[in-house]
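Chemist: Please see the structure below; I have some questions.
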Amino acid sequence: MLEKRELGNTGISVYPIGIGLWAIGGKTWGPTKDKESLDTIDKALELGINFFDTADVYGDGHSEELLGKAMQGRRDKFVVGTKMGWIDFDGENDKSAYTSPDKVIQGVEKNLERLNTNYIDFLQWHVDFQDPTMENFVIGSEKLKKQGKIRGFGVSTSDFDYLQAFVSAGDPDTLQIDYSILNRTAENRIFPFCREKNLGTIIRGGLAMGILTGKFDKDTTFPEGDFRRNWIEDSDQKEQFMKDLEVVEKLKNSFPNQNLAQLAIRFIVSNPDVSVVIPGAKNISQVEANFNAGNAGLLSDDEMKKINKIVNPGGGRKIWPA
Ligand SMILES: NC(=O)c1ccc[n+]([C@@H]2O[C@H](COP(=O)([O-])OP(=O)(O)OC[C@H]3O[C@@H](n4cnc5c(N)ncnc54)[C@H](OP(=O)(O)O)[C@@H]3O)[C@@H](O)[C@H]2O)c1
């Protein structure tokens, strides 16, 4: 087992391997079954995972509802990170529907209802570019914190300028950011900034949406309703997917006896700038595999050197656009 890590200055400690619950919403990552999703959450908790990441829009609220169901009678065992920002987004004017701090506060009431709880541990702003409503979120969050409805707040973005603007607007606790063997760009400016500002880091994209598990190849297909279909249907995305598979091939050759998903997770938690990684998992075997990565411990210097030869420190490519 790894040691727990504190998220920012909040005094809230989490096991460094958490779980992302977007896929169990059931609408974006292919079909899911609620019973299997609830069993996956139960298994995560039983193993020792305590950080659970979701959002208002995952499965149009279904992911939050499932988490709410799973938490009944044991709310204190869960550290919940959820997000808001995209519901009723005004695309024409690039503006969220949260046009005042009060609207943010009202919106959070809906997160709380779906989660069937009276507090959220970490509320994250999901709109990842400079729209004119960011400050409303920050002001609203500061008020919600005083009211005890949230324990901390932050933003989900990989954009350094946006992160700086967010930090200038208030006193956030966390950043959710894309980071993996395939995308090490956070090592350049964002991790040093988080260290300086004492922001806890919540890592998404750790398995590069499954690519870093090593289970895909050039003949892989994706089911209807799985956004990863674009990787084979869109020629630019296909080209990138093929390049990523070449990196995976190199990893397989350099680490022939290792489970690649576990290597990818160990890489992330070996970075002391990381608070928690949230690999998405849809079933018990995935959550077990992801959790068990921690039992293999941090990467040795030799293992890190081999990875550095394949993807330079600070190098790689952005997986999520923002
Ligand atoms: N803007 C944002 O804030 C944002 C954006 C993206 C993600 N997130 C958060 O991050 C979480 C994770 O998403 P991600 O993009 O980072 O995905 P990821 O963790 O890189 O990949 C998750 C997918 O990989 C597959 N998988 C997971 N564990 C596996 C294992 N051990 N073996 C084989 N396959 C495995 C599963 O899909 P299949 O079985 O279908 O392959 C799973 O849905 C999301 O749930 C969400 O909470 C947030």
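So you can find residues: chains in the structure tokens are A, B, ... in the order shown, residues in each start at 1, and ligands are numbered from 1 in order.
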With only C-alpha atoms as the counted atoms, please give the residues lying no more than 12 Å from Thr54 in chain A, apart from itself and same-chain residues fewer than 3 positions off, as a ChimeraX atom specification.
Modeler: /A:18-25,51,57-68,79-84,111,114-115,120-126,156,176,204,278-280
Chemist: Limited to N, CA and C atoms, could you put the picked residues into a file as a CSV table (one decimal), in the first residue's frame?
Modeler:
```csv
chain,number,residue,atom,x,y,z
A,18,GLY,N,-7.2,6.9,-6.9
A,18,GLY,CA,-8.7,7.0,-6.7
A,18,GLY,C,-9.4,6.4,-7.9
A,19,ILE,N,-10.5,6.9,-8.2
A,19,ILE,CA,-11.3,6.3,-9.3
A,19,ILE,C,-12.1,7.5,-10.0
A,20,GLY,N,-12.1,7.4,-11.3
A,20,GLY,CA,-12.9,8.4,-12.1
A,20,GLY,C,-14.2,7.7,-12.5
A,21,LEU,N,-15.4,8.4,-12.4
A,21,LEU,CA,-16.7,7.8,-12.6
A,21,LEU,C,-17.4,8.3,-13.8
A,22,TRP,N,-16.7,8.9,-14.7
A,22,TRP,CA,-17.4,9.4,-15.9
A,22,TRP,C,-18.0,8.2,-16.7
A,23,ALA,N,-17.2,7.2,-16.9
A,23,ALA,CA,-17.7,6.1,-17.8
A,23,ALA,C,-19.0,5.4,-17.2
A,24,ILE,N,-19.1,5.3,-15.9
A,24,ILE,CA,-20.3,4.7,-15.4
A,24,ILE,C,-21.6,5.5,-15.6
A,25,GLY,N,-21.4,6.7,-16.0
A,25,GLY,CA,-22.6,7.5,-16.4
A,25,GLY,C,-23.4,6.8,-17.5
A,51,PHE,N,-11.0,8.3,-2.9
A,51,PHE,CA,-11.3,9.5,-3.7
A,51,PHE,C,-12.1,9.1,-4.9
A,57,VAL,N,-22.4,16.6,-15.4
A,57,VAL,CA,-22.8,16.2,-16.8
A,57,VAL,C,-22.5,14.7,-17.1
A,58,TYR,N,-21.8,14.0,-16.2
A,58,TYR,CA,-21.5,12.6,-16.6
A,58,TYR,C,-22.8,11.8,-16.6
A,59,GLY,N,-23.1,11.3,-17.8
A,59,GLY,CA,-24.4,10.5,-18.0
A,59,GLY,C,-25.6,11.4,-17.6
A,60,ASP,N,-25.5,12.7,-17.9
A,60,ASP,CA,-26.5,13.7,-17.6
A,60,ASP,C,-26.9,13.5,-16.1
A,61,GLY,N,-26.0,13.4,-15.2
A,61,GLY,CA,-26.2,13.3,-13.8
A,61,GLY,C,-26.2,11.9,-13.2
A,62,HIS,N,-26.3,10.9,-14.1
A,62,HIS,CA,-26.4,9.5,-13.6
A,62,HIS,C,-25.2,9.1,-12.8
A,63,SER,N,-24.0,9.5,-13.2
A,63,SER,CA,-22.8,9.1,-12.4
A,63,SER,C,-22.9,9.6,-11.0
A,64,GLU,N,-23.3,10.9,-10.8
A,64,GLU,CA,-23.5,11.4,-9.5
A,64,GLU,C,-24.6,10.7,-8.7
A,65,GLU,N,-25.7,10.3,-9.4
A,65,GLU,CA,-26.7,9.6,-8.7
A,65,GLU,C,-26.3,8.2,-8.2
A,66,LEU,N,-25.5,7.6,-9.1
A,66,LEU,CA,-25.0,6.2,-8.7
A,66,LEU,C,-24.1,6.4,-7.5
A,67,LEU,N,-23.2,7.4,-7.5
A,67,LEU,CA,-22.3,7.6,-6.4
A,67,LEU,C,-23.1,7.9,-5.1
A,68,GLY,N,-24.2,8.7,-5.3
A,68,GLY,CA,-25.0,9.0,-4.1
A,68,GLY,C,-25.6,7.8,-3.5
A,79,VAL,N,-14.3,10.5,-0.2
A,79,VAL,CA,-14.0,11.9,-0.5
A,79,VAL,C,-14.4,12.1,-1.9
A,80,VAL,N,-15.4,13.0,-2.1
A,80,VAL,CA,-16.0,13.2,-3.4
A,80,VAL,C,-15.5,14.5,-4.1
A,81,GLY,N,-15.0,14.3,-5.3
A,81,GLY,CA,-14.8,15.4,-6.1
A,81,GLY,C,-15.8,15.4,-7.2
A,82,THR,N,-16.6,16.5,-7.3
A,82,THR,CA,-17.5,16.6,-8.4
A,82,THR,C,-17.2,17.9,-9.2
A,83,LYS,N,-18.0,18.1,-10.3
A,83,LYS,CA,-17.7,19.3,-11.1
A,83,LYS,C,-19.0,19.9,-11.5
A,84,MET,N,-18.9,21.2,-11.9
A,84,MET,CA,-20.1,21.9,-12.5
A,84,MET,C,-19.6,22.8,-13.6
A,111,ASN,N,-26.2,19.4,-7.6
A,111,ASN,CA,-25.1,18.4,-7.4
A,111,ASN,C,-25.4,17.6,-6.1
A,114,ARG,N,-28.4,15.2,-6.4
A,114,ARG,CA,-28.0,14.0,-7.1
A,114,ARG,C,-27.1,13.1,-6.3
A,115,LEU,N,-26.2,13.7,-5.6
A,115,LEU,CA,-25.3,12.9,-4.7
A,115,LEU,C,-25.9,12.5,-3.4
A,120,ILE,N,-20.1,18.5,-0.3
A,120,ILE,CA,-19.2,18.0,-1.4
A,120,ILE,C,-17.7,18.2,-0.9
A,121,ASP,N,-16.9,17.3,-1.0
A,121,ASP,CA,-15.5,17.5,-0.5
A,121,ASP,C,-14.7,18.5,-1.4
A,122,PHE,N,-14.8,18.2,-2.7
A,122,PHE,CA,-14.1,19.1,-3.7
A,122,PHE,C,-15.0,19.5,-4.9
A,123,LEU,N,-15.3,20.7,-5.0
A,123,LEU,CA,-16.1,21.2,-6.1
A,123,LEU,C,-15.1,21.7,-7.2
A,124,GLN,N,-15.3,21.3,-8.4
A,124,GLN,CA,-14.3,21.7,-9.4
A,124,GLN,C,-15.0,22.4,-10.6
A,125,TRP,N,-14.4,23.4,-11.0
A,125,TRP,CA,-15.0,24.2,-12.2
A,125,TRP,C,-14.5,23.4,-13.4
A,126,HIS,N,-15.6,23.1,-14.2
A,126,HIS,CA,-15.3,22.2,-15.4
A,126,HIS,C,-15.1,22.9,-16.7
A,156,SER,N,-10.6,22.2,-13.3
A,156,SER,CA,-10.1,21.1,-14.1
A,156,SER,C,-9.6,21.8,-15.4
A,176,GLN,N,-7.3,19.8,-11.3
A,176,GLN,CA,-7.4,18.5,-12.0
A,176,GLN,C,-6.8,18.7,-13.3
A,204,ARG,N,-6.1,13.2,-14.2
A,204,ARG,CA,-7.0,12.5,-15.1
A,204,ARG,C,-6.1,12.1,-16.4
A,278,ILE,N,-6.9,9.4,-10.9
A,278,ILE,CA,-8.3,8.9,-10.9
A,278,ILE,C,-8.6,8.1,-12.2
A,279,PRO,N,-7.9,6.9,-12.4
A,279,PRO,CA,-8.2,6.2,-13.5
A,279,PRO,C,-9.6,5.8,-13.6
A,280,GLY,N,-10.2,5.9,-14.8
A,280,GLY,CA,-11.6,5.5,-14.9
A,280,GLY,C,-11.7,4.0,-14.8
```
Chemist: Looking only at helix (DSSP H, G or I) from DSSP on the backbone, list the matching residues of range 39-270 of chain A as a ChimeraX atom specification.
Modeler: /A:39-47,58-71,75-77,101-115,134-146,160-169,185-187,190-197,208-213,227-233,235-254,260-269
Chemist: Just the number, please: distance in Å from CA of Ile105 in chain A to atom 19 (O, counted along the ligand's line) of ligand 1, one decimal.
Modeler: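 Separating CA of Ile105 in chain A from atom 19 (O, counted along the ligand's line) of ligand 1 is a distance of 29.3 Å.
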Chemist: Taking only range 8-153 of chain A into account, list the residues labelled strand (DSSP E) by DSSP (computed from the backbone), as a list in words.
Modeler: Ser13, Val14, Ile19, Gly20, Phe51, Phe52, Asp53, Val79, Val80, Gly81, Thr82, Lys83, Met84, Ile120, Asp121, Phe122, Leu123, Gln124, Trp125, Ile150, Arg151, Gly152 and Phe153 of chain A
Chemist: Let's have the selection written as an mmCIF file, in the first residue's frame, with C-alpha atoms.
Modeler:
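Result written to selection-v8.cif:
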```
data_model
loop_
_atom_site.group_PDB
_atom_site.id
_atom_site.type_symbol
_atom_site.label_atom_id
_atom_site.label_comp_id
_atom_site.auth_asym_id
_atom_site.auth_seq_id
_atom_site.Cartn_x
_atom_site.Cartn_y
_atom_site.Cartn_z
ATOM 1 C CA SER A 13 -6.058 12.888 2.952
ATOM 2 C CA VAL A 14 -6.675 10.504 0.097
ATOM 3 C CA ILE A 19 -11.288 6.348 -9.327
ATOM 4 C CA GLY A 20 -12.950 8.370 -12.101
ATOM 5 C CA PHE A 51 -11.303 9.523 -3.687
ATOM 6 C CA PHE A 52 -14.179 9.379 -6.185
ATOM 7 C CA ASP A 53 -14.359 11.824 -9.111
ATOM 8 C CA VAL A 79 -13.962 11.896 -0.466
ATOM 9 C CA VAL A 80 -16.046 13.213 -3.361
ATOM 10 C CA GLY A 81 -14.753 15.430 -6.129
ATOM 11 C CA THR A 82 -17.488 16.613 -8.436
ATOM 12 C CA LYS A 83 -17.704 19.285 -11.116
ATOM 13 C CA MET A 84 -20.066 21.878 -12.506
ATOM 14 C CA ILE A 120 -19.156 17.953 -1.353
ATOM 15 C CA ASP A 121 -15.486 17.520 -0.531
ATOM 16 C CA PHE A 122 -14.066 19.139 -3.670
ATOM 17 C CA LEU A 123 -16.096 21.202 -6.108
ATOM 18 C CA GLN A 124 -14.307 21.668 -9.428
ATOM 19 C CA TRP A 125 -14.962 24.193 -12.191
ATOM 20 C CA ILE A 150 -18.117 22.204 0.175
ATOM 21 C CA ARG A 151 -14.793 21.512 1.885
ATOM 22 C CA GLY A 152 -12.565 22.677 -0.955
ATOM 23 C CA PHE A 153 -12.693 23.829 -4.553
#
```
Chemist: Pick out the residues sitting within 8 Å of Gly315 in chain A, and hand them over as a list in words; count only C-alpha atoms, and ignore anything fewer than 3 positions along from it in its own chain.
Modeler: Leu182, Asn183, Arg184, Thr185, Val311 and Asn312 of chain A
Chemist: Using only N, CA and C atoms, please write the residues we just selected to a file, as a CSV table (one decimal), in the first residue's frame.
Modeler:
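Okay, this is what ended up in out22.csv:
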```csv
chain,number,residue,atom,x,y,z
A,182,LEU,N,2.2,9.3,-21.7
A,182,LEU,CA,2.1,9.9,-23.0
A,182,LEU,C,2.0,11.4,-23.0
A,183,ASN,N,1.7,12.0,-21.9
A,183,ASN,CA,1.5,13.5,-21.8
A,183,ASN,C,2.2,14.0,-20.5
A,184,ARG,N,3.5,14.3,-20.6
A,184,ARG,CA,4.2,14.8,-19.4
A,184,ARG,C,4.3,16.3,-19.4
A,185,THR,N,3.5,17.0,-20.1
A,185,THR,CA,3.7,18.4,-20.3
A,185,THR,C,3.5,19.2,-18.9
A,311,VAL,N,9.6,8.6,-23.6
A,311,VAL,CA,9.0,9.9,-23.6
A,311,VAL,C,9.8,10.8,-22.6
A,312,ASN,N,10.4,11.9,-23.2
A,312,ASN,CA,11.3,12.8,-22.4
A,312,ASN,C,10.5,13.4,-21.3
```
Chemist: Show which residues sit within 7 Å of range 213-222 of chain A, as a PDB file with N, CA and C atoms, in the first residue's frame. Count only C-alpha atoms, and ignore same-chain residues fewer than 6 positions away.
Modeler:
```pdb
ATOM      1  N   LEU A 207      -4.425   6.829 -17.938  1.00  0.00           N
ATOM      2  CA  LEU A 207      -4.323   5.654 -18.820  1.00  0.00           C
ATOM      3  C   LEU A 207      -4.526   6.072 -20.272  1.00  0.00           C
ATOM      4  N   ARG A 228     -14.537   7.142 -28.312  1.00  0.00           N
ATOM      5  CA  ARG A 228     -13.235   6.742 -28.846  1.00  0.00           C
ATOM      6  C   ARG A 228     -13.340   6.183 -30.272  1.00  0.00           C
ATOM      7  N   ARG A 229     -14.557   5.996 -30.755  1.00  0.00           N
ATOM      8  CA  ARG A 229     -14.756   5.613 -32.173  1.00  0.00           C
ATOM      9  C   ARG A 229     -14.100   6.621 -33.103  1.00  0.00           C
ATOM     10  N   MET A 242      -2.407   5.986 -33.956  1.00  0.00           N
ATOM     11  CA  MET A 242      -1.348   5.069 -34.434  1.00  0.00           C
ATOM     12  C   MET A 242       0.006   5.461 -33.828  1.00  0.00           C
ATOM     13  N   LEU A 245       0.102   4.314 -30.320  1.00  0.00           N
ATOM     14  CA  LEU A 245       0.312   2.854 -30.248  1.00  0.00           C
ATOM     15  C   LEU A 245       1.795   2.505 -30.423  1.00  0.00           C
ATOM     16  N   VAL A 248       3.292   2.867 -27.113  1.00  0.00           N
ATOM     17  CA  VAL A 248       2.881   1.723 -26.283  1.00  0.00           C
ATOM     18  C   VAL A 248       3.727   0.492 -26.638  1.00  0.00           C
ATOM     19  N   LEU A 260       0.843  -3.147 -18.189  1.00  0.00           N
ATOM     20  CA  LEU A 260       1.105  -1.773 -18.639  1.00  0.00           C
ATOM     21  C   LEU A 260       0.241  -0.728 -17.921  1.00  0.00           C
ATOM     22  N   ALA A 261      -1.029  -1.088 -17.644  1.00  0.00           N
ATOM     23  CA  ALA A 261      -1.903  -0.145 -16.916  1.00  0.00           C
ATOM     24  C   ALA A 261      -1.272   0.160 -15.561  1.00  0.00           C
TER      25      ALA A 261
END
```
Chemist: Which one of A:Ala296, A:Ile17, A:Leu38, A:Ala186 sits closest to ligand 1 if you count only C-alpha atoms and all ligand atoms?
Modeler: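 Result for the nearest residue to ligand 1: A:Ile17.
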Chemist: Which neighbours of Gly206 in chain A fall inside 7 Å, counting only C-alpha atoms, when residues of the same chain fewer than 5 positions from it are skipped, and could you give them as a short mmCIF file (atom, residue, chain, number, x, y, z; two decimals) with C-alpha atoms, in the first residue's frame?
Modeler:
```cif
data_model
loop_
_atom_site.label_atom_id
_atom_site.label_comp_id
_atom_site.auth_asym_id
_atom_site.auth_seq_id
_atom_site.Cartn_x
_atom_site.Cartn_y
_atom_site.Cartn_z
CA TYR A 179 -0.89 13.71 -16.94
CA SER A 180 0.47 10.37 -18.07
CA ALA A 264 1.20 3.84 -16.18
CA ILE A 265 -0.34 4.35 -12.74
CA VAL A 277 -4.71 9.75 -9.87
CA PRO A 279 -8.16 6.15 -13.54
#
```
Chemist: Looking at A:Gly85, A:Ser100, A:Asn118, A:Ser270, which one is nearest to Gln72 in chain A, with distances taken over only C-alpha atoms?
Modeler: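 Using only C-alpha atoms, Gln72 in chain A sits closest to A:Asn118.
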Chemist: Identify, on the basis of only C-alpha atoms, every residue whose closest approach to Val167 in chain A does not exceed 9 Å; exclude the query and any residue fewer than 4 positions from it along the same chain; express the result as a ChimeraX atom specification.
Modeler: /A:154,162-163,171-172,197
Chemist: Can you work out the spacing between CA of Gly210 in chain A and CA of Pro272 in chain A in Å, to one decimal?
Modeler: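 Rounded to one decimal, the two atoms are 23.5 Å apart.
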Chemist: Rank nothing, just name the residue among A:Val247, A:Ala289, A:Ile284, A:Ile190 nearest to ligand 1, using only C-alpha atoms and all ligand atoms.
Modeler: A:Ala289
